[in-house]
Amino acid sequence: ISANGRWIGGFSTNGRIDPFINGQAIVATVWRKGRIHNLGTFGGQLSVVNAINNNGDAVGQALTKKPDNVFGVGTQSRAFLWRPATHRLQDLGTLGGSDAIADLINNKDQVTGTSLTDSTVHQATGLTTNVPFFWRHGKMTSLGSLGGTNGYPTDINNSGQIVGQSNVKGDKAGHPFLSIAGRPMQDLGTLGGDNGVANMLNEKGT
């Protein structure tokens, strides 16, 4: 739900069957003033809203028709932005790989999520390189990594500061990170152990 309480994002079954999972297909939805809006997909069987801001702009993931089982859903997953003004899904692109997911959006329409960067599967994670991104004004920027091949964001404030976790070299551990307006992430360290994660930050960047 948006911070001002005016918008709700999520998903709903639509009465169709997803042949890949042999179960009910689900589609992204936005709710406003008692009305539910079906956001559709990019041609695939699934879409989900992951976050929504005070303007009603929603982000999430939507499947295409192109076969791909990286995330176990049968076809490619692409990060999307949906705006009430246009009522259509906008594909935010990728960082070079086949798939991306948009996880969070602030009230300035700055988006963060994760994107694959290549197609090489790494033994330690069983995944291709998957790194956090920062998207604004039509451009997706990689936040990089702390030496590993997997990372994800957990929060973004209205200044474009992002926190989350990134694997360190060898992918045996992960550290919390901070990134400011798309700049490469900073390792926030741990309290002496191997792992840590930053879950939230406020508007002052704390």
# chains A, B, ... in the order shown; residues from 1 in each chain; ligands from 1

call {"tool": "residues_around", "arguments": {"residues": "stretch 140-149 of chain A", "least_positions_apart": "5", "cutoff": "9 Å", "atoms": "only C-alpha atoms", "output": "ChimeraX atom specification"}}
result
/A:92-95,111-112,114-115,122,125,127-135,165-175,177,179,182-187

call {"tool": "write_last_selection", "arguments": {"atoms": "N, CA, C and O atoms", "output": "compact mmCIF listing (two decimals), in the first residue's frame"}}
result
# COMPACT_ATOMS: atom_id res chain seq x y z
N LEU A 92 11.66 -1.96 -18.21
CA LEU A 92 12.79 -1.15 -17.77
C LEU A 92 14.12 -1.66 -18.30
O LEU A 92 15.16 -1.05 -18.07
N GLY A 93 14.12 -2.78 -19.02
CA GLY A 93 15.34 -3.32 -19.60
C GLY A 93 16.10 -4.20 -18.64
O GLY A 93 15.61 -4.58 -17.57
N THR A 94 17.36 -4.52 -19.00
CA THR A 94 18.21 -5.32 -18.14
C THR A 94 19.63 -4.74 -18.19
O THR A 94 19.91 -3.80 -18.93
N LEU A 95 20.52 -5.36 -17.42
CA LEU A 95 21.93 -4.97 -17.42
C LEU A 95 22.76 -5.87 -18.33
O LEU A 95 23.96 -5.99 -18.16
N VAL A 111 13.69 3.76 -9.31
CA VAL A 111 13.37 2.35 -9.12
C VAL A 111 14.64 1.57 -8.83
O VAL A 111 15.70 1.87 -9.38
N THR A 112 14.52 0.56 -7.99
CA THR A 112 15.63 -0.37 -7.79
C THR A 112 15.10 -1.80 -7.82
O THR A 112 13.93 -2.06 -7.53
N THR A 114 16.75 -6.02 -9.24
CA THR A 114 17.90 -6.83 -9.63
C THR A 114 17.80 -7.20 -11.10
O THR A 114 16.71 -7.31 -11.66
N SER A 115 18.97 -7.40 -11.70
CA SER A 115 19.04 -7.79 -13.11
C SER A 115 20.19 -8.76 -13.32
O SER A 115 21.25 -8.63 -12.70
N HIS A 122 27.09 -19.62 -12.03
CA HIS A 122 28.19 -19.75 -11.08
C HIS A 122 27.91 -20.89 -10.11
O HIS A 122 26.81 -21.02 -9.59
N THR A 125 26.43 -20.22 -6.37
CA THR A 125 25.06 -19.75 -6.21
C THR A 125 24.06 -20.52 -7.06
O THR A 125 22.86 -20.49 -6.77
N LEU A 127 23.34 -19.58 -9.92
CA LEU A 127 22.70 -18.52 -10.68
C LEU A 127 23.72 -17.82 -11.58
O LEU A 127 24.93 -17.92 -11.36
N THR A 128 23.21 -17.09 -12.56
CA THR A 128 24.07 -16.18 -13.29
C THR A 128 24.29 -14.94 -12.44
O THR A 128 23.65 -14.75 -11.41
N THR A 129 25.22 -14.07 -12.85
CA THR A 129 25.48 -12.85 -12.08
C THR A 129 24.22 -12.00 -12.00
O THR A 129 23.63 -11.63 -13.02
N ASN A 130 23.79 -11.69 -10.79
CA ASN A 130 22.53 -11.00 -10.53
C ASN A 130 22.82 -9.84 -9.58
O ASN A 130 23.15 -10.06 -8.42
N VAL A 131 22.76 -8.60 -10.08
CA VAL A 131 23.18 -7.46 -9.27
C VAL A 131 22.06 -6.42 -9.15
O VAL A 131 21.17 -6.35 -10.00
N PRO A 132 22.08 -5.61 -8.10
CA PRO A 132 21.09 -4.55 -7.95
C PRO A 132 21.27 -3.45 -9.01
O PRO A 132 22.39 -3.18 -9.44
N PHE A 133 20.16 -2.83 -9.37
CA PHE A 133 20.22 -1.71 -10.31
C PHE A 133 19.49 -0.50 -9.74
O PHE A 133 18.68 -0.60 -8.82
N PHE A 134 19.81 0.65 -10.32
CA PHE A 134 19.12 1.92 -10.04
C PHE A 134 18.60 2.44 -11.37
O PHE A 134 19.37 2.56 -12.33
N TRP A 135 17.29 2.73 -11.46
CA TRP A 135 16.69 3.18 -12.72
C TRP A 135 16.03 4.54 -12.50
O TRP A 135 15.28 4.73 -11.54
N GLN A 165 21.89 -6.17 0.33
CA GLN A 165 22.98 -7.09 0.60
C GLN A 165 23.62 -7.52 -0.71
O GLN A 165 22.95 -7.70 -1.72
N SER A 166 24.93 -7.71 -0.67
CA SER A 166 25.68 -8.22 -1.81
C SER A 166 26.66 -9.27 -1.34
O SER A 166 27.28 -9.13 -0.28
N ASN A 167 26.79 -10.34 -2.12
CA ASN A 167 27.81 -11.34 -1.81
C ASN A 167 29.20 -10.73 -1.95
O ASN A 167 29.44 -9.87 -2.80
N VAL A 168 30.11 -11.21 -1.12
CA VAL A 168 31.52 -10.83 -1.24
C VAL A 168 32.22 -11.88 -2.09
O VAL A 168 31.62 -12.87 -2.51
N LYS A 169 33.49 -11.68 -2.35
CA LYS A 169 34.25 -12.56 -3.23
C LYS A 169 34.15 -14.01 -2.76
O LYS A 169 34.31 -14.31 -1.58
N GLY A 170 33.86 -14.89 -3.71
CA GLY A 170 33.70 -16.31 -3.42
C GLY A 170 32.27 -16.72 -3.16
O GLY A 170 31.96 -17.92 -3.12
N ASP A 171 31.38 -15.75 -2.97
CA ASP A 171 29.95 -16.00 -2.78
C ASP A 171 29.64 -16.85 -1.55
O ASP A 171 28.58 -17.46 -1.47
N LYS A 172 30.55 -16.90 -0.58
CA LYS A 172 30.29 -17.67 0.63
C LYS A 172 29.66 -16.83 1.73
O LYS A 172 29.20 -17.36 2.75
N ALA A 173 29.64 -15.52 1.56
CA ALA A 173 29.07 -14.62 2.55
C ALA A 173 28.53 -13.37 1.87
O ALA A 173 28.88 -13.07 0.72
N GLY A 174 27.66 -12.65 2.59
CA GLY A 174 27.11 -11.41 2.07
C GLY A 174 27.21 -10.29 3.08
O GLY A 174 27.08 -10.52 4.29
N HIS A 175 27.45 -9.07 2.59
CA HIS A 175 27.56 -7.91 3.46
C HIS A 175 26.48 -6.88 3.13
O HIS A 175 26.01 -6.81 1.98
N PHE A 177 25.04 -3.24 2.11
CA PHE A 177 25.61 -2.17 1.29
C PHE A 177 24.73 -0.94 1.32
O PHE A 177 23.53 -0.99 1.62
N SER A 179 24.14 2.43 -1.43
CA SER A 179 24.44 3.10 -2.70
C SER A 179 23.69 4.41 -2.74
O SER A 179 22.54 4.49 -2.28
N GLY A 182 22.61 5.74 -7.51
CA GLY A 182 23.16 4.96 -8.60
C GLY A 182 24.66 4.79 -8.59
O GLY A 182 25.21 4.12 -9.46
N ARG A 183 25.33 5.38 -7.62
CA ARG A 183 26.78 5.20 -7.54
C ARG A 183 27.12 3.82 -7.00
O ARG A 183 26.31 3.21 -6.30
N PRO A 184 28.33 3.31 -7.29
CA PRO A 184 28.70 1.97 -6.83
C PRO A 184 28.51 1.80 -5.33
O PRO A 184 28.72 2.73 -4.55
N MET A 185 28.10 0.62 -4.94
CA MET A 185 27.77 0.37 -3.54
C MET A 185 28.97 0.43 -2.61
O MET A 185 30.11 0.15 -2.99
N GLN A 186 28.67 0.80 -1.38
CA GLN A 186 29.66 0.88 -0.30
C GLN A 186 29.39 -0.25 0.68
O GLN A 186 28.26 -0.48 1.11
N ASP A 187 30.44 -0.99 1.06
CA ASP A 187 30.33 -2.07 2.03
C ASP A 187 30.18 -1.48 3.43
O ASP A 187 31.03 -0.73 3.90

call {"tool": "closest_atom_pairs", "arguments": {"of": "stretch 6-49 of chain A", "to": "stretch 60-77 of chain A", "cutoff": "7 Å", "atoms": "only C-alpha atoms", "output": "JSON lines"}}
result
{"residue": "A:Phe20", "atom": "CA", "partner": "A:Gly74", "partner_atom": "CA", "distance": 6.2}
{"residue": "A:Thr41", "atom": "CA", "partner": "A:Ala62", "partner_atom": "CA", "distance": 5.2}
{"residue": "A:Phe42", "atom": "CA", "partner": "A:Thr64", "partner_atom": "CA", "distance": 4.6}
{"residue": "A:Gly43", "atom": "CA", "partner": "A:Thr64", "partner_atom": "CA", "distance": 4.8}
{"residue": "A:Gly44", "atom": "CA", "partner": "A:Thr64", "partner_atom": "CA", "distance": 4.4}
{"residue": "A:Gln45", "atom": "CA", "partner": "A:Leu63", "partner_atom": "CA", "distance": 6.4}
{"residue": "A:Leu46", "atom": "CA", "partner": "A:Leu63", "partner_atom": "CA", "distance": 5.6}
{"residue": "A:Ser47", "atom": "CA", "partner": "A:Ala62", "partner_atom": "CA", "distance": 4.0}
{"residue": "A:Val48", "atom": "CA", "partner": "A:Gly60", "partner_atom": "CA", "distance": 5.5}
{"residue": "A:Val49", "atom": "CA", "partner": "A:Gly60", "partner_atom": "CA", "distance": 4.4}

call {"tool": "write_last_selection", "arguments": {"atoms": "N, CA, C and O atoms", "output": "JSON list (two decimals), in the first residue's frame"}}
result
[["chain", "number", "residue", "atom", "x", "y", "z"],
["A", 20, "PHE", "N", 2.77, -23.90, -17.45],
["A", 20, "PHE", "CA", 4.10, -24.27, -16.96],
["A", 20, "PHE", "C", 4.03, -24.83, -15.54],
["A", 20, "PHE", "O", 4.70, -25.81, -15.21],
["A", 41, "THR", "N", 0.54, -8.45, -18.71],
["A", 41, "THR", "CA", 1.90, -8.99, -18.72],
["A", 41, "THR", "C", 2.59, -8.52, -20.00],
["A", 41, "THR", "O", 2.01, -7.76, -20.78],
["A", 42, "PHE", "N", 3.80, -9.03, -20.24],
["A", 42, "PHE", "CA", 4.49, -8.79, -21.50],
["A", 42, "PHE", "C", 4.27, -9.97, -22.46],
["A", 42, "PHE", "O", 5.09, -10.23, -23.33],
["A", 43, "GLY", "N", 3.17, -10.67, -22.29],
["A", 43, "GLY", "CA", 2.84, -11.81, -23.15],
["A", 43, "GLY", "C", 2.89, -13.14, -22.45],
["A", 43, "GLY", "O", 2.40, -14.14, -22.96],
["A", 44, "GLY", "N", 3.49, -13.19, -21.26],
["A", 44, "GLY", "CA", 3.58, -14.42, -20.49],
["A", 44, "GLY", "C", 2.38, -14.64, -19.60],
["A", 44, "GLY", "O", 1.35, -13.98, -19.73],
["A", 45, "GLN", "N", 2.54, -15.58, -18.64],
["A", 45, "GLN", "CA", 1.42, -16.00, -17.81],
["A", 45, "GLN", "C", 1.39, -15.37, -16.43],
["A", 45, "GLN", "O", 0.47, -15.62, -15.66],
["A", 46, "LEU", "N", 2.37, -14.53, -16.11],
["A", 46, "LEU", "CA", 2.47, -14.04, -14.72],
["A", 46, "LEU", "C", 2.96, -12.61, -14.68],
["A", 46, "LEU", "O", 3.81, -12.21, -15.46],
["A", 47, "SER", "N", 2.44, -11.85, -13.72],
["A", 47, "SER", "CA", 2.98, -10.54, -13.37],
["A", 47, "SER", "C", 2.60, -10.24, -11.93],
["A", 47, "SER", "O", 1.58, -10.72, -11.43],
["A", 48, "VAL", "N", 3.43, -9.46, -11.24],
["A", 48, "VAL", "CA", 3.23, -9.15, -9.83],
["A", 48, "VAL", "C", 3.69, -7.72, -9.56],
["A", 48, "VAL", "O", 4.75, -7.31, -10.05],
["A", 49, "VAL", "N", 2.91, -6.96, -8.78],
["A", 49, "VAL", "CA", 3.36, -5.66, -8.29],
["A", 49, "VAL", "C", 4.13, -5.88, -6.99],
["A", 49, "VAL", "O", 3.62, -6.50, -6.06]]

call {"tool": "closest_residue", "arguments": {"among": "A:Gly5, A:Gly40, A:Gly56, A:Gly189", "to": "A:Ala28", "atoms": "only C-alpha atoms"}}
result
A:Gly40

call {"tool": "residues_around", "arguments": {"residues": "A:Asn54", "least_positions_apart": "4", "cutoff": "9 Å", "atoms": "only C-alpha atoms", "output": "short mmCIF file (atom, residue, chain, number, x, y, z; two decimals) with C-alpha atoms, in the first residue's frame"}}
result
data_model
loop_
_atom_site.label_atom_id
_atom_site.label_comp_id
_atom_site.auth_asym_id
_atom_site.auth_seq_id
_atom_site.Cartn_x
_atom_site.Cartn_y
_atom_site.Cartn_z
CA ILE A 1 0.00 0.00 0.00
CA SER A 2 1.26 3.49 -0.75
CA ALA A 3 2.34 5.67 2.19
CA ASN A 4 -0.62 8.01 1.63
CA GLY A 5 -3.06 5.08 1.67
CA ARG A 6 -4.52 5.88 -1.74
CA TRP A 7 -3.11 3.02 -3.80
CA ASN A 106 10.27 5.99 -4.32
CA ASN A 107 8.04 9.04 -4.78
#

call {"tool": "decode", "arguments": {"residues": "stretch 46-72 of chain A", "atoms": "N, CA, C and O atoms", "output": "mmCIF file, in the first residue's frame"}}
result
data_model
loop_
_atom_site.group_PDB
_atom_site.id
_atom_site.type_symbol
_atom_site.label_atom_id
_atom_site.label_comp_id
_atom_site.auth_asym_id
_atom_site.auth_seq_id
_atom_site.Cartn_x
_atom_site.Cartn_y
_atom_site.Cartn_z
ATOM 1 N N LEU A 46 2.373 -14.529 -16.105
ATOM 2 C CA LEU A 46 2.465 -14.041 -14.723
ATOM 3 C C LEU A 46 2.962 -12.607 -14.677
ATOM 4 O O LEU A 46 3.811 -12.207 -15.464
ATOM 5 N N SER A 47 2.437 -11.853 -13.724
ATOM 6 C CA SER A 47 2.982 -10.540 -13.370
ATOM 7 C C SER A 47 2.596 -10.240 -11.927
ATOM 8 O O SER A 47 1.581 -10.720 -11.433
ATOM 9 N N VAL A 48 3.427 -9.456 -11.241
ATOM 10 C CA VAL A 48 3.231 -9.148 -9.830
ATOM 11 C C VAL A 48 3.693 -7.725 -9.558
ATOM 12 O O VAL A 48 4.747 -7.310 -10.050
ATOM 13 N N VAL A 49 2.913 -6.958 -8.785
ATOM 14 C CA VAL A 49 3.359 -5.657 -8.293
ATOM 15 C C VAL A 49 4.126 -5.880 -6.991
ATOM 16 O O VAL A 49 3.617 -6.501 -6.058
ATOM 17 N N ASN A 50 5.351 -5.357 -6.924
ATOM 18 C CA ASN A 50 6.168 -5.483 -5.717
ATOM 19 C C ASN A 50 6.162 -4.232 -4.853
ATOM 20 O O ASN A 50 6.431 -4.312 -3.654
ATOM 21 N N ALA A 51 5.881 -3.059 -5.447
ATOM 22 C CA ALA A 51 5.879 -1.809 -4.679
ATOM 23 C C ALA A 51 5.070 -0.765 -5.428
ATOM 24 O O ALA A 51 4.934 -0.824 -6.667
ATOM 25 N N ILE A 52 4.547 0.205 -4.679
ATOM 26 C CA ILE A 52 3.753 1.276 -5.284
ATOM 27 C C ILE A 52 3.993 2.562 -4.493
ATOM 28 O O ILE A 52 4.138 2.527 -3.267
ATOM 29 N N ASN A 53 4.074 3.704 -5.195
ATOM 30 C CA ASN A 53 4.361 4.960 -4.496
ATOM 31 C C ASN A 53 3.111 5.819 -4.355
ATOM 32 O O ASN A 53 2.002 5.413 -4.734
ATOM 33 N N ASN A 54 3.276 7.027 -3.813
ATOM 34 C CA ASN A 54 2.133 7.899 -3.547
ATOM 35 C C ASN A 54 1.455 8.420 -4.804
ATOM 36 O O ASN A 54 0.344 8.942 -4.739
ATOM 37 N N ASN A 55 2.125 8.304 -5.949
ATOM 38 C CA ASN A 55 1.528 8.724 -7.218
ATOM 39 C C ASN A 55 0.750 7.613 -7.892
ATOM 40 O O ASN A 55 0.161 7.818 -8.957
ATOM 41 N N GLY A 56 0.793 6.421 -7.311
ATOM 42 C CA GLY A 56 0.155 5.266 -7.930
ATOM 43 C C GLY A 56 1.029 4.580 -8.956
ATOM 44 O O GLY A 56 0.561 3.703 -9.681
ATOM 45 N N ASP A 57 2.294 4.963 -9.032
ATOM 46 C CA ASP A 57 3.230 4.315 -9.955
ATOM 47 C C ASP A 57 3.705 3.016 -9.329
ATOM 48 O O ASP A 57 4.218 3.006 -8.193
ATOM 49 N N ALA A 58 3.541 1.913 -10.052
ATOM 50 C CA ALA A 58 3.818 0.588 -9.510
ATOM 51 C C ALA A 58 4.954 -0.081 -10.269
ATOM 52 O O ALA A 58 5.130 0.132 -11.469
ATOM 53 N N VAL A 59 5.735 -0.890 -9.552
ATOM 54 C CA VAL A 59 6.813 -1.652 -10.174
ATOM 55 C C VAL A 59 6.700 -3.112 -9.770
ATOM 56 O O VAL A 59 6.100 -3.453 -8.753
ATOM 57 N N GLY A 60 7.303 -3.976 -10.589
ATOM 58 C CA GLY A 60 7.275 -5.400 -10.297
ATOM 59 C C GLY A 60 7.938 -6.191 -11.394
ATOM 60 O O GLY A 60 8.865 -5.715 -12.050
ATOM 61 N N GLN A 61 7.447 -7.389 -11.611
ATOM 62 C CA GLN A 61 7.971 -8.245 -12.662
ATOM 63 C C GLN A 61 6.819 -8.777 -13.497
ATOM 64 O O GLN A 61 5.729 -9.041 -12.986
ATOM 65 N N ALA A 62 7.061 -8.933 -14.787
ATOM 66 C CA ALA A 62 6.069 -9.481 -15.703
ATOM 67 C C ALA A 62 6.785 -10.391 -16.693
ATOM 68 O O ALA A 62 7.887 -10.078 -17.144
ATOM 69 N N LEU A 63 6.150 -11.492 -17.029
ATOM 70 C CA LEU A 63 6.770 -12.467 -17.916
ATOM 71 C C LEU A 63 6.502 -12.154 -19.386
ATOM 72 O O LEU A 63 5.454 -11.613 -19.746
ATOM 73 N N THR A 64 7.479 -12.519 -20.215
ATOM 74 C CA THR A 64 7.336 -12.454 -21.663
ATOM 75 C C THR A 64 6.972 -13.841 -22.178
ATOM 76 O O THR A 64 6.765 -14.779 -21.408
ATOM 77 N N LYS A 65 6.922 -13.994 -23.500
ATOM 78 C CA LYS A 65 6.663 -15.305 -24.103
ATOM 79 C C LYS A 65 7.937 -16.084 -24.380
ATOM 80 O O LYS A 65 7.884 -17.259 -24.736
ATOM 81 N N LYS A 66 9.105 -15.446 -24.216
ATOM 82 C CA LYS A 66 10.364 -16.083 -24.590
ATOM 83 C C LYS A 66 10.771 -17.132 -23.556
ATOM 84 O O LYS A 66 10.911 -16.824 -22.370
ATOM 85 N N PRO A 67 10.986 -18.391 -23.984
ATOM 86 C CA PRO A 67 11.344 -19.453 -23.036
ATOM 87 C C PRO A 67 12.609 -19.131 -22.251
ATOM 88 O O PRO A 67 13.591 -18.646 -22.798
ATOM 89 N N ASP A 68 12.552 -19.388 -20.941
ATOM 90 C CA ASP A 68 13.664 -19.068 -20.049
ATOM 91 C C ASP A 68 13.246 -19.586 -18.676
ATOM 92 O O ASP A 68 12.173 -19.266 -18.193
ATOM 93 N N ASN A 69 14.107 -20.366 -18.028
ATOM 94 C CA ASN A 69 13.721 -20.912 -16.734
ATOM 95 C C ASN A 69 14.683 -20.478 -15.626
ATOM 96 O O ASN A 69 14.884 -21.193 -14.650
ATOM 97 N N VAL A 70 15.285 -19.302 -15.781
ATOM 98 C CA VAL A 70 16.238 -18.820 -14.780
ATOM 99 C C VAL A 70 15.589 -18.719 -13.404
ATOM 100 O O VAL A 70 16.157 -19.131 -12.391
ATOM 101 N N PHE A 71 14.391 -18.166 -13.325
ATOM 102 C CA PHE A 71 13.708 -17.994 -12.047
ATOM 103 C C PHE A 71 12.627 -19.061 -11.821
ATOM 104 O O PHE A 71 11.779 -18.924 -10.942
ATOM 105 N N GLY A 72 12.637 -20.117 -12.631
ATOM 106 C CA GLY A 72 11.711 -21.218 -12.442
ATOM 107 C C GLY A 72 10.285 -20.930 -12.838
ATOM 108 O O GLY A 72 9.349 -21.566 -12.330
#
